[in-house]
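The data block below is start_37.cif; it holds mmCIF, N, CA and C atoms and all ligand atoms.
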data_model
loop_
_atom_site.label_atom_id
_atom_site.label_comp_id
_atom_site.auth_asym_id
_atom_site.auth_seq_id
_atom_site.Cartn_x
_atom_site.Cartn_y
_atom_site.Cartn_z
N MET A 21 14.50 14.00 -6.41
CA MET A 21 13.18 14.38 -5.91
C MET A 21 13.24 14.69 -4.41
N THR A 22 12.22 15.31 -3.91
CA THR A 22 12.10 15.58 -2.48
C THR A 22 11.92 14.27 -1.74
N LYS A 23 12.61 14.15 -0.62
CA LYS A 23 12.39 12.97 0.22
C LYS A 23 11.11 13.14 1.02
N HIS A 24 10.41 12.04 1.16
CA HIS A 24 9.21 12.07 1.98
C HIS A 24 9.39 11.11 3.13
N SER A 25 8.90 11.49 4.29
CA SER A 25 9.03 10.61 5.44
C SER A 25 7.66 10.23 5.95
N GLY A 26 7.65 9.10 6.65
CA GLY A 26 6.40 8.62 7.22
C GLY A 26 6.67 7.88 8.50
N ARG A 27 5.64 7.59 9.22
CA ARG A 27 5.79 6.86 10.47
C ARG A 27 4.46 6.19 10.84
N CYS A 28 4.58 5.22 11.75
CA CYS A 28 3.38 4.56 12.25
C CYS A 28 2.70 5.49 13.27
N LEU A 29 1.59 5.05 13.76
CA LEU A 29 0.82 5.90 14.68
C LEU A 29 1.62 6.28 15.92
N CYS A 30 2.37 5.34 16.51
CA CYS A 30 3.11 5.63 17.75
C CYS A 30 4.49 6.23 17.49
N GLY A 31 4.98 6.14 16.25
CA GLY A 31 6.28 6.74 15.92
C GLY A 31 7.47 5.81 16.09
N ALA A 32 7.25 4.56 16.54
CA ALA A 32 8.37 3.63 16.73
C ALA A 32 8.97 3.20 15.39
N VAL A 33 8.16 3.20 14.34
CA VAL A 33 8.65 2.86 13.00
C VAL A 33 8.62 4.11 12.14
N HIS A 34 9.75 4.35 11.47
CA HIS A 34 9.91 5.55 10.67
C HIS A 34 10.41 5.11 9.29
N PHE A 35 9.97 5.75 8.23
CA PHE A 35 10.51 5.39 6.91
C PHE A 35 10.68 6.63 6.04
N GLU A 36 11.57 6.47 5.04
CA GLU A 36 11.83 7.56 4.10
C GLU A 36 11.71 7.05 2.69
N ILE A 37 11.09 7.87 1.85
CA ILE A 37 10.92 7.55 0.44
C ILE A 37 11.86 8.46 -0.35
N GLY A 38 12.77 7.84 -1.11
CA GLY A 38 13.74 8.63 -1.88
C GLY A 38 13.62 8.38 -3.37
N ALA A 39 12.49 7.88 -3.82
CA ALA A 39 12.28 7.62 -5.25
C ALA A 39 10.84 7.94 -5.59
N GLU A 40 10.63 8.31 -6.83
CA GLU A 40 9.28 8.60 -7.30
C GLU A 40 8.49 7.29 -7.40
N PRO A 41 7.29 7.21 -6.85
CA PRO A 41 6.53 5.96 -6.95
C PRO A 41 6.26 5.56 -8.41
N MET A 42 6.41 4.26 -8.70
CA MET A 42 6.13 3.76 -10.04
C MET A 42 4.65 3.49 -10.20
N MET A 43 3.97 3.30 -9.09
CA MET A 43 2.53 3.05 -9.08
C MET A 43 1.99 3.60 -7.78
N ALA A 44 0.81 4.14 -7.82
CA ALA A 44 0.15 4.56 -6.59
C ALA A 44 -1.34 4.36 -6.80
N GLY A 45 -1.94 3.57 -5.95
CA GLY A 45 -3.35 3.32 -6.17
C GLY A 45 -4.04 2.72 -4.97
N PHE A 46 -5.35 2.76 -5.05
CA PHE A 46 -6.17 2.14 -4.01
C PHE A 46 -6.29 0.65 -4.32
N CYS A 47 -6.22 -0.18 -3.29
CA CYS A 47 -6.55 -1.59 -3.45
C CYS A 47 -7.79 -1.86 -2.61
N CYS A 48 -8.82 -2.36 -3.28
CA CYS A 48 -10.12 -2.58 -2.64
C CYS A 48 -10.32 -4.06 -2.30
N CYS A 49 -9.24 -4.87 -2.33
CA CYS A 49 -9.42 -6.30 -2.05
C CYS A 49 -9.85 -6.49 -0.59
N LEU A 50 -10.45 -7.64 -0.31
CA LEU A 50 -11.00 -7.87 1.02
C LEU A 50 -9.92 -7.85 2.09
N SER A 51 -8.70 -8.30 1.75
CA SER A 51 -7.61 -8.28 2.73
C SER A 51 -7.21 -6.85 3.07
N CYS A 52 -7.15 -5.98 2.07
CA CYS A 52 -6.83 -4.57 2.34
C CYS A 52 -7.95 -3.91 3.12
N GLN A 53 -9.19 -4.37 2.90
CA GLN A 53 -10.29 -3.82 3.71
C GLN A 53 -10.11 -4.20 5.17
N LYS A 54 -9.72 -5.46 5.41
CA LYS A 54 -9.50 -5.87 6.80
C LYS A 54 -8.31 -5.13 7.41
N LEU A 55 -7.21 -5.05 6.63
CA LEU A 55 -6.00 -4.42 7.14
C LEU A 55 -6.17 -2.94 7.41
N SER A 56 -7.03 -2.29 6.64
CA SER A 56 -7.18 -0.85 6.78
C SER A 56 -8.36 -0.46 7.66
N GLY A 57 -9.31 -1.39 7.81
CA GLY A 57 -10.53 -1.03 8.53
C GLY A 57 -11.38 -0.06 7.73
N ALA A 58 -11.11 0.03 6.44
CA ALA A 58 -11.84 0.95 5.57
C ALA A 58 -12.13 0.24 4.26
N GLY A 59 -12.63 0.96 3.27
CA GLY A 59 -13.01 0.33 2.02
C GLY A 59 -11.84 -0.02 1.12
N HIS A 60 -10.70 0.56 1.36
CA HIS A 60 -9.52 0.30 0.53
C HIS A 60 -8.27 0.79 1.26
N ALA A 61 -7.13 0.29 0.82
CA ALA A 61 -5.85 0.82 1.30
C ALA A 61 -5.20 1.58 0.16
N PHE A 62 -4.39 2.55 0.48
CA PHE A 62 -3.71 3.35 -0.53
C PHE A 62 -2.22 2.99 -0.49
N HIS A 63 -1.79 2.24 -1.53
CA HIS A 63 -0.41 1.78 -1.62
C HIS A 63 0.32 2.56 -2.71
N ALA A 64 1.60 2.81 -2.50
CA ALA A 64 2.47 3.31 -3.57
C ALA A 64 3.69 2.41 -3.60
N MET A 65 4.25 2.23 -4.81
CA MET A 65 5.35 1.29 -4.99
C MET A 65 6.61 2.00 -5.44
N VAL A 66 7.72 1.70 -4.76
CA VAL A 66 9.02 2.27 -5.13
C VAL A 66 10.05 1.14 -5.19
N PRO A 67 11.15 1.35 -5.94
CA PRO A 67 12.23 0.36 -5.88
C PRO A 67 12.79 0.31 -4.45
N GLU A 68 13.21 -0.89 -4.02
CA GLU A 68 13.66 -1.02 -2.63
C GLU A 68 14.84 -0.11 -2.30
N THR A 69 15.59 0.31 -3.34
CA THR A 69 16.72 1.22 -3.11
C THR A 69 16.22 2.62 -2.71
N GLY A 70 14.97 2.90 -2.97
CA GLY A 70 14.40 4.20 -2.63
C GLY A 70 13.55 4.16 -1.37
N PHE A 71 13.75 3.12 -0.58
CA PHE A 71 12.93 2.97 0.63
C PHE A 71 13.83 2.63 1.82
N GLN A 72 13.77 3.43 2.85
CA GLN A 72 14.55 3.16 4.07
C GLN A 72 13.60 3.14 5.25
N ILE A 73 13.76 2.10 6.06
CA ILE A 73 12.87 1.98 7.21
C ILE A 73 13.71 1.77 8.46
N SER A 74 13.30 2.36 9.56
CA SER A 74 13.99 2.15 10.83
C SER A 74 12.96 1.86 11.91
N GLY A 75 13.39 1.13 12.92
CA GLY A 75 12.48 0.70 13.96
C GLY A 75 12.08 -0.74 13.71
N GLU A 76 11.66 -1.40 14.76
CA GLU A 76 11.31 -2.82 14.66
C GLU A 76 9.96 -2.99 13.99
N THR A 77 9.91 -3.91 13.02
CA THR A 77 8.61 -4.25 12.43
C THR A 77 8.40 -5.75 12.52
N ARG A 78 7.17 -6.16 12.42
CA ARG A 78 6.85 -7.57 12.25
C ARG A 78 6.19 -7.74 10.90
N GLY A 79 6.37 -8.93 10.33
CA GLY A 79 5.81 -9.18 9.01
C GLY A 79 4.73 -10.24 9.07
N TYR A 80 3.69 -10.05 8.28
CA TYR A 80 2.65 -11.07 8.15
C TYR A 80 2.54 -11.43 6.67
N GLU A 81 2.69 -12.73 6.39
CA GLU A 81 2.69 -13.19 5.01
C GLU A 81 1.32 -13.76 4.66
N TRP A 82 0.77 -13.35 3.55
CA TRP A 82 -0.55 -13.83 3.14
C TRP A 82 -0.63 -13.92 1.63
N LYS A 83 -1.59 -14.70 1.15
CA LYS A 83 -1.76 -14.87 -0.29
C LYS A 83 -2.82 -13.89 -0.78
N ALA A 84 -2.41 -13.04 -1.70
CA ALA A 84 -3.33 -12.02 -2.22
C ALA A 84 -4.26 -12.61 -3.26
N ASP A 85 -5.35 -11.91 -3.55
CA ASP A 85 -6.29 -12.35 -4.59
C ASP A 85 -5.60 -12.49 -5.94
N SER A 86 -4.52 -11.74 -6.16
CA SER A 86 -3.77 -11.82 -7.41
C SER A 86 -2.99 -13.12 -7.51
N GLY A 87 -2.89 -13.87 -6.40
CA GLY A 87 -2.08 -15.09 -6.39
C GLY A 87 -0.68 -14.85 -5.84
N ASN A 88 -0.29 -13.59 -5.72
CA ASN A 88 1.03 -13.28 -5.18
C ASN A 88 1.07 -13.48 -3.67
N VAL A 89 2.25 -13.79 -3.16
CA VAL A 89 2.45 -13.86 -1.72
C VAL A 89 2.93 -12.49 -1.26
N VAL A 90 2.17 -11.91 -0.38
CA VAL A 90 2.44 -10.55 0.08
C VAL A 90 2.88 -10.60 1.54
N THR A 91 3.90 -9.83 1.87
CA THR A 91 4.30 -9.69 3.26
C THR A 91 4.01 -8.26 3.69
N THR A 92 3.13 -8.12 4.64
CA THR A 92 2.79 -6.81 5.18
C THR A 92 3.60 -6.58 6.45
N SER A 93 4.32 -5.48 6.52
CA SER A 93 5.10 -5.15 7.71
C SER A 93 4.35 -4.11 8.53
N PHE A 94 4.28 -4.37 9.80
CA PHE A 94 3.53 -3.47 10.67
C PHE A 94 4.28 -3.22 11.96
N CYS A 95 3.92 -2.16 12.64
CA CYS A 95 4.55 -1.83 13.92
C CYS A 95 3.96 -2.75 15.01
N PRO A 96 4.82 -3.47 15.74
CA PRO A 96 4.30 -4.38 16.76
C PRO A 96 3.73 -3.65 17.98
N VAL A 97 4.02 -2.36 18.10
CA VAL A 97 3.51 -1.60 19.25
C VAL A 97 2.09 -1.11 18.98
N CYS A 98 1.90 -0.40 17.86
CA CYS A 98 0.58 0.21 17.60
C CYS A 98 -0.20 -0.50 16.50
N GLY A 99 0.45 -1.41 15.76
CA GLY A 99 -0.27 -2.20 14.76
C GLY A 99 -0.43 -1.56 13.40
N THR A 100 0.11 -0.36 13.20
CA THR A 100 -0.04 0.30 11.90
C THR A 100 0.71 -0.45 10.80
N PRO A 101 0.02 -0.86 9.71
CA PRO A 101 0.77 -1.42 8.58
C PRO A 101 1.50 -0.29 7.86
N VAL A 102 2.80 -0.46 7.61
CA VAL A 102 3.55 0.63 6.99
C VAL A 102 4.06 0.28 5.59
N SER A 103 4.40 -0.98 5.35
CA SER A 103 5.00 -1.31 4.06
C SER A 103 4.70 -2.75 3.70
N GLY A 104 5.07 -3.12 2.50
CA GLY A 104 4.81 -4.48 2.07
C GLY A 104 5.69 -4.87 0.90
N ARG A 105 5.80 -6.17 0.69
CA ARG A 105 6.50 -6.72 -0.47
C ARG A 105 5.60 -7.78 -1.08
N SER A 106 5.72 -7.93 -2.42
CA SER A 106 4.91 -8.91 -3.11
C SER A 106 5.81 -9.78 -3.97
N SER A 107 5.51 -11.10 -4.00
CA SER A 107 6.29 -12.01 -4.83
C SER A 107 6.16 -11.64 -6.32
N GLY A 108 5.10 -10.92 -6.67
CA GLY A 108 4.90 -10.53 -8.06
C GLY A 108 5.73 -9.33 -8.49
N PHE A 109 6.34 -8.64 -7.52
CA PHE A 109 7.11 -7.44 -7.82
C PHE A 109 8.46 -7.47 -7.09
N PRO A 110 9.36 -8.38 -7.53
CA PRO A 110 10.65 -8.49 -6.82
C PRO A 110 11.44 -7.17 -6.91
N GLY A 111 12.12 -6.83 -5.82
CA GLY A 111 12.94 -5.62 -5.81
C GLY A 111 12.14 -4.36 -5.53
N MET A 112 10.84 -4.52 -5.31
CA MET A 112 9.99 -3.36 -5.07
C MET A 112 9.39 -3.41 -3.67
N VAL A 113 9.10 -2.24 -3.15
CA VAL A 113 8.46 -2.14 -1.83
C VAL A 113 7.23 -1.26 -1.99
N THR A 114 6.15 -1.65 -1.34
CA THR A 114 5.01 -0.74 -1.29
C THR A 114 4.98 -0.10 0.09
N PHE A 115 4.48 1.10 0.14
CA PHE A 115 4.29 1.74 1.44
C PHE A 115 2.88 2.31 1.49
N ARG A 116 2.41 2.53 2.71
CA ARG A 116 1.07 3.07 2.91
C ARG A 116 1.14 4.59 2.82
N VAL A 117 0.51 5.11 1.80
CA VAL A 117 0.56 6.57 1.59
C VAL A 117 -0.01 7.31 2.80
N ALA A 118 -1.02 6.71 3.44
CA ALA A 118 -1.64 7.37 4.60
C ALA A 118 -0.70 7.43 5.79
N ALA A 119 0.41 6.66 5.76
CA ALA A 119 1.37 6.71 6.87
C ALA A 119 2.43 7.80 6.67
N LEU A 120 2.38 8.50 5.53
CA LEU A 120 3.33 9.60 5.31
C LEU A 120 3.02 10.75 6.26
N ASP A 121 4.04 11.53 6.58
CA ASP A 121 3.82 12.71 7.41
C ASP A 121 2.90 13.70 6.67
N ASP A 122 3.04 13.72 5.33
CA ASP A 122 2.12 14.51 4.52
C ASP A 122 1.49 13.60 3.45
N PRO A 123 0.37 12.96 3.77
CA PRO A 123 -0.22 11.99 2.83
C PRO A 123 -0.78 12.63 1.57
N SER A 124 -0.77 13.96 1.49
CA SER A 124 -1.37 14.61 0.32
C SER A 124 -0.40 14.68 -0.86
N VAL A 125 0.87 14.28 -0.67
CA VAL A 125 1.87 14.48 -1.73
C VAL A 125 1.70 13.54 -2.92
N PHE A 126 1.06 12.38 -2.72
CA PHE A 126 0.83 11.47 -3.84
C PHE A 126 -0.67 11.29 -4.05
N ALA A 127 -1.04 11.19 -5.32
CA ALA A 127 -2.46 10.98 -5.64
C ALA A 127 -2.62 9.59 -6.25
N PRO A 128 -3.74 8.93 -6.01
CA PRO A 128 -3.95 7.60 -6.61
C PRO A 128 -4.14 7.71 -8.12
N GLN A 129 -3.56 6.74 -8.85
CA GLN A 129 -3.71 6.70 -10.32
C GLN A 129 -4.84 5.77 -10.73
N MET A 130 -5.22 4.89 -9.82
CA MET A 130 -6.21 3.85 -10.17
C MET A 130 -6.71 3.19 -8.90
N ALA A 131 -7.78 2.41 -9.07
CA ALA A 131 -8.26 1.54 -8.00
C ALA A 131 -8.25 0.12 -8.55
N VAL A 132 -7.61 -0.80 -7.82
CA VAL A 132 -7.58 -2.20 -8.26
C VAL A 132 -8.45 -3.05 -7.34
N PHE A 133 -8.83 -4.22 -7.86
CA PHE A 133 -9.79 -5.11 -7.18
C PHE A 133 -11.09 -4.38 -6.86
N ALA A 134 -11.49 -3.53 -7.83
CA ALA A 134 -12.72 -2.76 -7.66
C ALA A 134 -13.95 -3.66 -7.63
N LYS A 135 -13.80 -4.92 -8.06
CA LYS A 135 -14.96 -5.84 -7.96
C LYS A 135 -15.34 -6.10 -6.50
N ARG A 136 -14.42 -5.77 -5.58
CA ARG A 136 -14.69 -5.94 -4.16
C ARG A 136 -15.17 -4.65 -3.48
N LEU A 137 -15.30 -3.60 -4.29
CA LEU A 137 -15.66 -2.30 -3.74
C LEU A 137 -16.97 -2.37 -2.94
N GLN A 138 -16.97 -1.80 -1.77
CA GLN A 138 -18.19 -1.76 -0.97
C GLN A 138 -19.10 -0.63 -1.46
N PRO A 139 -20.40 -0.82 -1.38
CA PRO A 139 -21.32 0.20 -1.91
C PRO A 139 -21.17 1.55 -1.20
N TRP A 140 -20.63 1.54 0.01
CA TRP A 140 -20.48 2.80 0.75
C TRP A 140 -19.13 3.46 0.55
N ASP A 141 -18.25 2.79 -0.25
CA ASP A 141 -16.92 3.38 -0.47
C ASP A 141 -16.96 4.17 -1.76
N LEU A 142 -17.14 5.46 -1.65
CA LEU A 142 -17.38 6.31 -2.82
C LEU A 142 -16.06 6.85 -3.35
N LEU A 143 -15.50 6.16 -4.33
CA LEU A 143 -14.26 6.62 -4.95
C LEU A 143 -14.59 7.77 -5.90
N GLY A 144 -13.61 8.60 -6.18
CA GLY A 144 -13.83 9.67 -7.16
C GLY A 144 -14.25 9.06 -8.49
N PRO A 145 -15.27 9.63 -9.15
CA PRO A 145 -15.78 9.03 -10.39
C PRO A 145 -14.75 9.04 -11.52
N ALA A 146 -13.76 9.93 -11.45
CA ALA A 146 -12.77 10.01 -12.54
C ALA A 146 -11.62 9.01 -12.35
N LEU A 147 -11.57 8.36 -11.20
CA LEU A 147 -10.45 7.44 -10.93
C LEU A 147 -10.63 6.14 -11.74
N PRO A 148 -9.64 5.79 -12.59
CA PRO A 148 -9.77 4.53 -13.34
C PRO A 148 -9.88 3.33 -12.40
N ARG A 149 -10.80 2.43 -12.73
CA ARG A 149 -11.01 1.25 -11.88
C ARG A 149 -10.74 -0.01 -12.67
N PHE A 150 -10.11 -0.96 -12.03
CA PHE A 150 -9.90 -2.28 -12.63
C PHE A 150 -10.54 -3.32 -11.72
N PRO A 151 -11.28 -4.26 -12.30
CA PRO A 151 -11.94 -5.28 -11.47
C PRO A 151 -10.95 -6.07 -10.64
N GLU A 152 -9.75 -6.38 -11.25
CA GLU A 152 -8.68 -7.05 -10.51
C GLU A 152 -7.43 -6.21 -10.70
N MET A 153 -6.28 -6.85 -10.89
CA MET A 153 -5.07 -6.09 -11.19
C MET A 153 -5.09 -5.75 -12.67
N PRO A 154 -4.66 -4.53 -13.07
CA PRO A 154 -4.58 -4.24 -14.51
C PRO A 154 -3.55 -5.18 -15.16
N PRO A 155 -3.81 -5.63 -16.39
CA PRO A 155 -2.95 -6.63 -17.04
C PRO A 155 -1.48 -6.24 -17.06
N ALA A 156 -1.19 -4.94 -17.25
CA ALA A 156 0.21 -4.51 -17.42
C ALA A 156 1.03 -4.71 -16.14
N SER A 157 0.38 -4.77 -14.97
CA SER A 157 1.16 -4.83 -13.74
C SER A 157 1.14 -6.23 -13.12
N GLN A 158 0.59 -7.21 -13.86
CA GLN A 158 0.53 -8.55 -13.27
C GLN A 158 1.86 -9.25 -13.37
ZN ZN B 1 3.84 2.16 16.04
ZN ZN B 2 -5.40 -5.36 -1.48
#

Please render this file's structure as structure tokens.
Amino acid sequence: MTKHSGRCLCGAVHFEIGAEPMMAGFCCCLSCQKLSGAGHAFHAMVPETGFQISGETRGYEWKADSGNVVTTSFCPVCGTPVSGRSSGFPGMVTFRVAALDDPSVFAPQMAVFAKRLQPWDLLGPALPRFPEMPPASQ
């Protein structure tokens, strides 16, 4: 597949995606709302072998609504969250689709934790929504 590259706002952190995402979706949980400053974050998940990152990052570990322990990696200079790992998905890395140089290359397949959706966050009506995580990906 075509490689896709991304970077944080200041450019100190750079990453490359060399695998097709196994999942791509919006997460509307309250933590993603805080982390994104918006109604949801757009994550895509690839095997760690398909993810390369360069530049210094810092990690913040937190417990997600799913019960998984998530580590969010962000640029210590500009604060952009770029990637993450979850205890529920060993060997996988998520990245922020909005941090890609061309964020239009991947489309969301679903919205998870839609029970937290804010009334002003108008998702496309055709996008499948799950109140929490869909059973198949837990
Ligand atoms: Zn940065
Ligand atoms: Zn979330």

Closest pair table for chain A residues within 10 Å of ligand ZN 2 (chain B), only C-alpha atoms and all ligand atoms, as CSV:
residue,atom,partner,partner_atom,distance
A:Phe46,CA,B:ZN2,ZN,8.0
A:Cys47,CA,B:ZN2,ZN,4.4
A:Cys48,CA,B:ZN2,ZN,5.6
A:Cys49,CA,B:ZN2,ZN,4.2
A:Leu50,CA,B:ZN2,ZN,6.6
A:Ser51,CA,B:ZN2,ZN,5.6
A:Cys52,CA,B:ZN2,ZN,4.2
A:Gln53,CA,B:ZN2,ZN,7.3
A:Lys54,CA,B:ZN2,ZN,9.3
A:Leu55,CA,B:ZN2,ZN,8.7
A:Ser56,CA,B:ZN2,ZN,9.6
A:His60,CA,B:ZN2,ZN,7.3
A:Ala61,CA,B:ZN2,ZN,6.8
A:Phe62,CA,B:ZN2,ZN,8.9
A:His63,CA,B:ZN2,ZN,8.7
A:Ala84,CA,B:ZN2,ZN,7.0
A:Asp85,CA,B:ZN2,ZN,7.7
A:Ser86,CA,B:ZN2,ZN,8.9
A:Val90,CA,B:ZN2,ZN,9.5
A:Ala131,CA,B:ZN2,ZN,9.9
A:Val132,CA,B:ZN2,ZN,7.8
A:Phe133,CA,B:ZN2,ZN,7.2
A:Ala134,CA,B:ZN2,ZN,9.9
A:Arg136,CA,B:ZN2,ZN,9.7
A:Glu152,CA,B:ZN2,ZN,9.8
A:Met153,CA,B:ZN2,ZN,9.7

Residues just named, written with N, CA and C atoms as a PDB file, in the coordinates of the input:
ATOM      1  N   PHE A  46      -5.350   2.760  -5.050  1.00  0.00           N
ATOM      2  CA  PHE A  46      -6.170   2.140  -4.010  1.00  0.00           C
ATOM      3  C   PHE A  46      -6.290   0.650  -4.320  1.00  0.00           C
ATOM      4  N   CYS A  47      -6.220  -0.180  -3.290  1.00  0.00           N
ATOM      5  CA  CYS A  47      -6.550  -1.590  -3.450  1.00  0.00           C
ATOM      6  C   CYS A  47      -7.790  -1.860  -2.610  1.00  0.00           C
ATOM      7  N   CYS A  48      -8.820  -2.360  -3.280  1.00  0.00           N
ATOM      8  CA  CYS A  48     -10.120  -2.580  -2.640  1.00  0.00           C
ATOM      9  C   CYS A  48     -10.320  -4.060  -2.300  1.00  0.00           C
ATOM     10  N   CYS A  49      -9.240  -4.870  -2.330  1.00  0.00           N
ATOM     11  CA  CYS A  49      -9.420  -6.300  -2.050  1.00  0.00           C
ATOM     12  C   CYS A  49      -9.850  -6.490  -0.590  1.00  0.00           C
ATOM     13  N   LEU A  50     -10.450  -7.640  -0.310  1.00  0.00           N
ATOM     14  CA  LEU A  50     -11.000  -7.870   1.020  1.00  0.00           C
ATOM     15  C   LEU A  50      -9.920  -7.850   2.090  1.00  0.00           C
ATOM     16  N   SER A  51      -8.700  -8.300   1.750  1.00  0.00           N
ATOM     17  CA  SER A  51      -7.610  -8.280   2.730  1.00  0.00           C
ATOM     18  C   SER A  51      -7.210  -6.850   3.070  1.00  0.00           C
ATOM     19  N   CYS A  52      -7.150  -5.980   2.070  1.00  0.00           N
ATOM     20  CA  CYS A  52      -6.830  -4.570   2.340  1.00  0.00           C
ATOM     21  C   CYS A  52      -7.950  -3.910   3.120  1.00  0.00           C
ATOM     22  N   GLN A  53      -9.190  -4.370   2.900  1.00  0.00           N
ATOM     23  CA  GLN A  53     -10.290  -3.820   3.710  1.00  0.00           C
ATOM     24  C   GLN A  53     -10.110  -4.200   5.170  1.00  0.00           C
ATOM     25  N   LYS A  54      -9.720  -5.460   5.410  1.00  0.00           N
ATOM     26  CA  LYS A  54      -9.500  -5.870   6.800  1.00  0.00           C
ATOM     27  C   LYS A  54      -8.310  -5.130   7.410  1.00  0.00           C
ATOM     28  N   LEU A  55      -7.210  -5.050   6.630  1.00  0.00           N
ATOM     29  CA  LEU A  55      -6.000  -4.420   7.140  1.00  0.00           C
ATOM     30  C   LEU A  55      -6.170  -2.940   7.410  1.00  0.00           C
ATOM     31  N   SER A  56      -7.030  -2.290   6.640  1.00  0.00           N
ATOM     32  CA  SER A  56      -7.180  -0.850   6.780  1.00  0.00           C
ATOM     33  C   SER A  56      -8.360  -0.460   7.660  1.00  0.00           C
ATOM     34  N   HIS A  60     -10.700   0.560   1.360  1.00  0.00           N
ATOM     35  CA  HIS A  60      -9.520   0.300   0.530  1.00  0.00           C
ATOM     36  C   HIS A  60      -8.270   0.790   1.260  1.00  0.00           C
ATOM     37  N   ALA A  61      -7.130   0.290   0.820  1.00  0.00           N
ATOM     38  CA  ALA A  61      -5.850   0.820   1.300  1.00  0.00           C
ATOM     39  C   ALA A  61      -5.200   1.580   0.160  1.00  0.00           C
ATOM     40  N   PHE A  62      -4.390   2.550   0.480  1.00  0.00           N
ATOM     41  CA  PHE A  62      -3.710   3.350  -0.530  1.00  0.00           C
ATOM     42  C   PHE A  62      -2.220   2.990  -0.490  1.00  0.00           C
ATOM     43  N   HIS A  63      -1.790   2.240  -1.530  1.00  0.00           N
ATOM     44  CA  HIS A  63      -0.410   1.780  -1.620  1.00  0.00           C
ATOM     45  C   HIS A  63       0.320   2.560  -2.710  1.00  0.00           C
ATOM     46  N   ALA A  84      -2.410 -13.040  -1.700  1.00  0.00           N
ATOM     47  CA  ALA A  84      -3.330 -12.020  -2.220  1.00  0.00           C
ATOM     48  C   ALA A  84      -4.260 -12.610  -3.260  1.00  0.00           C
ATOM     49  N   ASP A  85      -5.350 -11.910  -3.550  1.00  0.00           N
ATOM     50  CA  ASP A  85      -6.290 -12.350  -4.590  1.00  0.00           C
ATOM     51  C   ASP A  85      -5.600 -12.490  -5.940  1.00  0.00           C
ATOM     52  N   SER A  86      -4.520 -11.740  -6.160  1.00  0.00           N
ATOM     53  CA  SER A  86      -3.770 -11.820  -7.410  1.00  0.00           C
ATOM     54  C   SER A  86      -2.990 -13.120  -7.510  1.00  0.00           C
ATOM     55  N   VAL A  90       2.170 -11.910  -0.380  1.00  0.00           N
ATOM     56  CA  VAL A  90       2.440 -10.550   0.080  1.00  0.00           C
ATOM     57  C   VAL A  90       2.880 -10.600   1.540  1.00  0.00           C
ATOM     58  N   ALA A 131      -7.780   2.410  -9.070  1.00  0.00           N
ATOM     59  CA  ALA A 131      -8.260   1.540  -8.000  1.00  0.00           C
ATOM     60  C   ALA A 131      -8.250   0.120  -8.550  1.00  0.00           C
ATOM     61  N   VAL A 132      -7.610  -0.800  -7.820  1.00  0.00           N
ATOM     62  CA  VAL A 132      -7.580  -2.200  -8.260  1.00  0.00           C
ATOM     63  C   VAL A 132      -8.450  -3.050  -7.340  1.00  0.00           C
ATOM     64  N   PHE A 133      -8.830  -4.220  -7.860  1.00  0.00           N
ATOM     65  CA  PHE A 133      -9.790  -5.110  -7.180  1.00  0.00           C
ATOM     66  C   PHE A 133     -11.090  -4.380  -6.860  1.00  0.00           C
ATOM     67  N   ALA A 134     -11.490  -3.530  -7.830  1.00  0.00           N
ATOM     68  CA  ALA A 134     -12.720  -2.760  -7.660  1.00  0.00           C
ATOM     69  C   ALA A 134     -13.950  -3.660  -7.630  1.00  0.00           C
ATOM     70  N   ARG A 136     -14.420  -5.770  -5.580  1.00  0.00           N
ATOM     71  CA  ARG A 136     -14.690  -5.940  -4.160  1.00  0.00           C
ATOM     72  C   ARG A 136     -15.170  -4.650  -3.480  1.00  0.00           C
ATOM     73  N   GLU A 152      -9.750  -6.380 -11.250  1.00  0.00           N
ATOM     74  CA  GLU A 152      -8.680  -7.050 -10.510  1.00  0.00           C
ATOM     75  C   GLU A 152      -7.430  -6.210 -10.700  1.00  0.00           C
ATOM     76  N   MET A 153      -6.280  -6.850 -10.890  1.00  0.00           N
ATOM     77  CA  MET A 153      -5.070  -6.090 -11.190  1.00  0.00           C
ATOM     78  C   MET A 153      -5.090  -5.750 -12.670  1.00  0.00           C
TER      79      MET A 153
END

### Env. residues ligand ZN 1 (chain B) / 6 Å / only C-alpha atoms and all ligand atoms / as a PyMOL selection string
chain A and resi 28-33+95+97-98+100

### Query
When you draw a straight line from CA of Pro67 in chain A to CA of Asp121 in chain A, how long is it in Å?
20.0 Å

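Going from CA of Gly59 in chain A over to CA of Leu142 in chain A, you cover 8.8 Å.
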
### Task
Select from range 36-150 of chain A everything DSSP, run on the backbone, classes as helix (DSSP H, G or I), then give the selection as a PyMOL selection string.
chain A and resi 50-56+68-70+117-119+123-125+134-136

### Query
Between atom C of Met42 in chain A and atom N of Met112 in chain A, what is the spacing in Å?
11.2 Å

### Query
Among chain A, which residues carry a DSSP assignment of strand (DSSP E), reported as a ChimeraX atom specification?
/A:24-27,34-37,43-47,61-67,71-74,78-83,89-94,101-106,112-116,130-132

Give, as lines of an AutoDock Vina configuration file, the centre coordinates and the x, y and z edge lengths in Å to one decimal for an axis-aligned box around all listed atoms of range 113-120 of chain A, padded by 8 Å on each side.
center_x = 3.7
center_y = 4.3
center_z = 1.9
size_x = 26.7
size_y = 29.0
size_z = 26.0

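Restricting the calculation to only N, CA and C atoms, the smallest distance between Ala118 in chain A and any of A:Asp141, A:Ala39, A:Ala64, A:Phe71 is found for A:Ala64.
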